[in-house]
Amino acid sequence: MTVSSLWYNGEVRNASVNYQSFKESKGELEIDYDIEDGTFKELMRTVALGTKAFFEYTPTEEAIKRKIGKMIKKNPKKLSKEDFNDNKAKAEELLSQEELQKPFQKRKTEGDASESGLIKFVQPIYDLNENRDKFPIHSYKLKDEMGEVTNIN
């Protein structure tokens, strides 16, 4: 999913252009939101702190085999266990680096689709990890009338 509209300051704003795309276009694309507006900033912070989705990429074994095949110029279906084991760490590292080079809108996330779309919009404007670290989640345990313990986050 992607963010297409925002509502703040009593107005609906077109958000179909992600800020990262806007910056990369060097003025060819226009945005209908103001990243310096205080209400907009608060909205971005709310999204960053109110969502549980996060950027995560773990390459599949198939992707690793394809990368190794390219690295050693061998058909991935014909890799020996030795070929795989000898090159797995390097292939994983290269795949992770490639993932980090992608625009945020194309990166893999963990979380539901709506929240993933939100963090892909927010990340180029408001760094998720940096801001989530400022406001850590604290948990505590409560006992109900039956003595059952519940974790509260």
# chains A, B, ... in the order shown; residues from 1 in each chain; ligands from 1

call {"tool": "residues_around", "arguments": {"residues": "Phe40 of chain A", "least_positions_apart": "6", "cutoff": "12 Å", "atoms": "only C-alpha atoms", "output": "number ranges by chain"}}
result
A: 6-13, 15, 32-34, 46-47, 122, 125-126

call {"tool": "write_last_selection", "arguments": {"atoms": "C-alpha atoms", "output": "PDB file, in the first residue's frame"}}
result
ATOM      1  CA  LEU A   6      -3.032  13.367   4.006  1.00  0.00           C
ATOM      2  CA  TRP A   7      -5.366  15.395   6.144  1.00  0.00           C
ATOM      3  CA  TYR A   8      -3.871  18.053   8.388  1.00  0.00           C
ATOM      4  CA  ASN A   9      -4.568  21.691   9.193  1.00  0.00           C
ATOM      5  CA  GLY A  10      -8.156  21.097   8.088  1.00  0.00           C
ATOM      6  CA  GLU A  11      -7.188  20.302   4.492  1.00  0.00           C
ATOM      7  CA  VAL A  12      -6.808  17.186   2.389  1.00  0.00           C
ATOM      8  CA  ARG A  13      -3.386  17.098   0.725  1.00  0.00           C
ATOM      9  CA  ALA A  15       0.531  12.709  -0.961  1.00  0.00           C
ATOM     10  CA  ASP A  32       1.275  19.160  -1.946  1.00  0.00           C
ATOM     11  CA  TYR A  33       2.486  18.942   1.652  1.00  0.00           C
ATOM     12  CA  ASP A  34       4.870  21.068   3.677  1.00  0.00           C
ATOM     13  CA  THR A  46       2.535  10.124  15.313  1.00  0.00           C
ATOM     14  CA  VAL A  47       2.838   7.707  12.407  1.00  0.00           C
ATOM     15  CA  VAL A 122       7.418   8.724   6.595  1.00  0.00           C
ATOM     16  CA  ILE A 125      11.093  12.693   6.091  1.00  0.00           C
ATOM     17  CA  TYR A 126      11.297  11.412   9.658  1.00  0.00           C
TER      18      TYR A 126
END

call {"tool": "residues_around", "arguments": {"residues": "Pro103 of chain A", "least_positions_apart": "2", "cutoff": "10 Å", "atoms": "only C-alpha atoms", "output": "list in words"}}
result
Asn18, Gln20, Ser21, Glu24, Glu99, Leu100, Gln101, Gln105, Lys106, Arg107, Lys120 and Pro124 of chain A

call {"tool": "residues_around", "arguments": {"residues": "segment 108-110 of chain A", "least_positions_apart": "2", "cutoff": "10 Å", "atoms": "only C-alpha atoms", "output": "PyMOL selection string"}}
result
chain A and resi 52-58+99-100+102+104-106+112-113+115-117+119-120

call {"tool": "residues_around", "arguments": {"residues": "Leu94 of chain A", "least_positions_apart": "3", "cutoff": "12 Å", "atoms": "only C-alpha atoms", "output": "list in words"}}
result
Thr58, Pro59, Ala63, Ile64, Arg66, Lys67, Ile68, Lys70, Met71, Asn87, Lys88, Ala89, Lys90, Ala91, Gln97, Glu98, Glu99, Leu100 and Gln101 of chain A

call {"tool": "write_last_selection", "arguments": {"atoms": "N, CA and C atoms", "output": "PDB file, in the first residue's frame"}}
result
ATOM      1  N   THR A  58      15.309 -10.179   4.836  1.00  0.00           N
ATOM      2  CA  THR A  58      16.038 -11.426   5.016  1.00  0.00           C
ATOM      3  C   THR A  58      15.943 -12.165   3.692  1.00  0.00           C
ATOM      4  N   PRO A  59      17.055 -12.295   2.982  1.00  0.00           N
ATOM      5  CA  PRO A  59      16.987 -12.934   1.663  1.00  0.00           C
ATOM      6  C   PRO A  59      16.574 -14.406   1.777  1.00  0.00           C
ATOM      7  N   ALA A  63      16.899 -16.598  -3.409  1.00  0.00           N
ATOM      8  CA  ALA A  63      17.581 -15.353  -3.782  1.00  0.00           C
ATOM      9  C   ALA A  63      19.088 -15.479  -3.566  1.00  0.00           C
ATOM     10  N   ILE A  64      19.469 -16.136  -2.480  1.00  0.00           N
ATOM     11  CA  ILE A  64      20.892 -16.339  -2.189  1.00  0.00           C
ATOM     12  C   ILE A  64      21.525 -17.205  -3.282  1.00  0.00           C
ATOM     13  N   ARG A  66      20.507 -17.535  -6.380  1.00  0.00           N
ATOM     14  CA  ARG A  66      20.620 -16.752  -7.628  1.00  0.00           C
ATOM     15  C   ARG A  66      21.814 -15.808  -7.566  1.00  0.00           C
ATOM     16  N   LYS A  67      22.025 -15.177  -6.421  1.00  0.00           N
ATOM     17  CA  LYS A  67      23.151 -14.248  -6.269  1.00  0.00           C
ATOM     18  C   LYS A  67      24.477 -15.000  -6.373  1.00  0.00           C
ATOM     19  N   ILE A  68      24.567 -16.153  -5.728  1.00  0.00           N
ATOM     20  CA  ILE A  68      25.796 -16.960  -5.812  1.00  0.00           C
ATOM     21  C   ILE A  68      26.035 -17.371  -7.257  1.00  0.00           C
ATOM     22  N   LYS A  70      25.225 -15.794  -9.947  1.00  0.00           N
ATOM     23  CA  LYS A  70      25.782 -14.643 -10.662  1.00  0.00           C
ATOM     24  C   LYS A  70      27.226 -14.397 -10.272  1.00  0.00           C
ATOM     25  N   MET A  71      27.512 -14.567  -8.976  1.00  0.00           N
ATOM     26  CA  MET A  71      28.874 -14.300  -8.484  1.00  0.00           C
ATOM     27  C   MET A  71      29.891 -15.260  -9.088  1.00  0.00           C
ATOM     28  N   ASN A  87      29.916 -19.360  -0.340  1.00  0.00           N
ATOM     29  CA  ASN A  87      29.544 -18.038  -0.847  1.00  0.00           C
ATOM     30  C   ASN A  87      28.308 -17.425  -0.192  1.00  0.00           C
ATOM     31  N   LYS A  88      27.696 -18.164   0.714  1.00  0.00           N
ATOM     32  CA  LYS A  88      26.427 -17.712   1.309  1.00  0.00           C
ATOM     33  C   LYS A  88      26.570 -16.368   2.023  1.00  0.00           C
ATOM     34  N   ALA A  89      27.557 -16.223   2.883  1.00  0.00           N
ATOM     35  CA  ALA A  89      27.705 -14.984   3.668  1.00  0.00           C
ATOM     36  C   ALA A  89      27.915 -13.777   2.756  1.00  0.00           C
ATOM     37  N   LYS A  90      28.750 -13.919   1.745  1.00  0.00           N
ATOM     38  CA  LYS A  90      29.007 -12.812   0.816  1.00  0.00           C
ATOM     39  C   LYS A  90      27.745 -12.465   0.026  1.00  0.00           C
ATOM     40  N   ALA A  91      27.023 -13.494  -0.415  1.00  0.00           N
ATOM     41  CA  ALA A  91      25.791 -13.258  -1.169  1.00  0.00           C
ATOM     42  C   ALA A  91      24.753 -12.539  -0.302  1.00  0.00           C
ATOM     43  N   GLN A  97      23.004  -5.135   0.960  1.00  0.00           N
ATOM     44  CA  GLN A  97      23.464  -3.833   0.455  1.00  0.00           C
ATOM     45  C   GLN A  97      22.571  -3.349  -0.690  1.00  0.00           C
ATOM     46  N   GLU A  98      22.190  -4.270  -1.573  1.00  0.00           N
ATOM     47  CA  GLU A  98      21.304  -3.916  -2.684  1.00  0.00           C
ATOM     48  C   GLU A  98      19.952  -3.433  -2.159  1.00  0.00           C
ATOM     49  N   GLU A  99      19.452  -4.081  -1.121  1.00  0.00           N
ATOM     50  CA  GLU A  99      18.175  -3.674  -0.526  1.00  0.00           C
ATOM     51  C   GLU A  99      18.262  -2.255   0.017  1.00  0.00           C
ATOM     52  N   LEU A 100      19.369  -1.929   0.662  1.00  0.00           N
ATOM     53  CA  LEU A 100      19.544  -0.590   1.232  1.00  0.00           C
ATOM     54  C   LEU A 100      19.683   0.494   0.168  1.00  0.00           C
ATOM     55  N   GLN A 101      20.038   0.108  -1.054  1.00  0.00           N
ATOM     56  CA  GLN A 101      20.165   1.076  -2.154  1.00  0.00           C
ATOM     57  C   GLN A 101      18.812   1.384  -2.801  1.00  0.00           C
TER      58      GLN A 101
END

call {"tool": "select_by_dssp", "arguments": {"residues": "segment 6-146 of chain A", "states": "helix (DSSP H, G or I)", "output": "NGL selection string"}}
result
:A and (19-24 or 38-50 or 61-72 or 76-78 or 81-101 or 104-106 or 113-122 or 128-134)

call {"tool": "atom_distance", "arguments": {"atom1": "atom CA of Thr2 of chain A", "atom2": "atom CA of Leu118 of chain A"}}
result
6.9 Å

call {"tool": "atom_distance", "arguments": {"atom1": "atom CA of Ile137 of chain A", "atom2": "atom CA of Gly111 of chain A"}}
result
17.1 Å

call {"tool": "select_by_dssp", "arguments": {"residues": "segment 12-63 of chain A", "states": "strand (DSSP E)", "output": "list in words"}}
result
Val12, Arg13, Asn14, Phe54 and Phe55 of chain A

call {"tool": "closest_residue", "arguments": {"among": "A:Asn129, A:Ser114, A:Glu61, A:Glu42", "to": "Asn85 of chain A", "atoms": "only C-alpha atoms"}}
result
A:Glu61

call {"tool": "residues_around", "arguments": {"residues": "Ser4 of chain A", "least_positions_apart": "5", "cutoff": "8 Å", "atoms": "only C-alpha atoms", "output": "VMD selection string"}}
result
chain A and resid 14 to 17
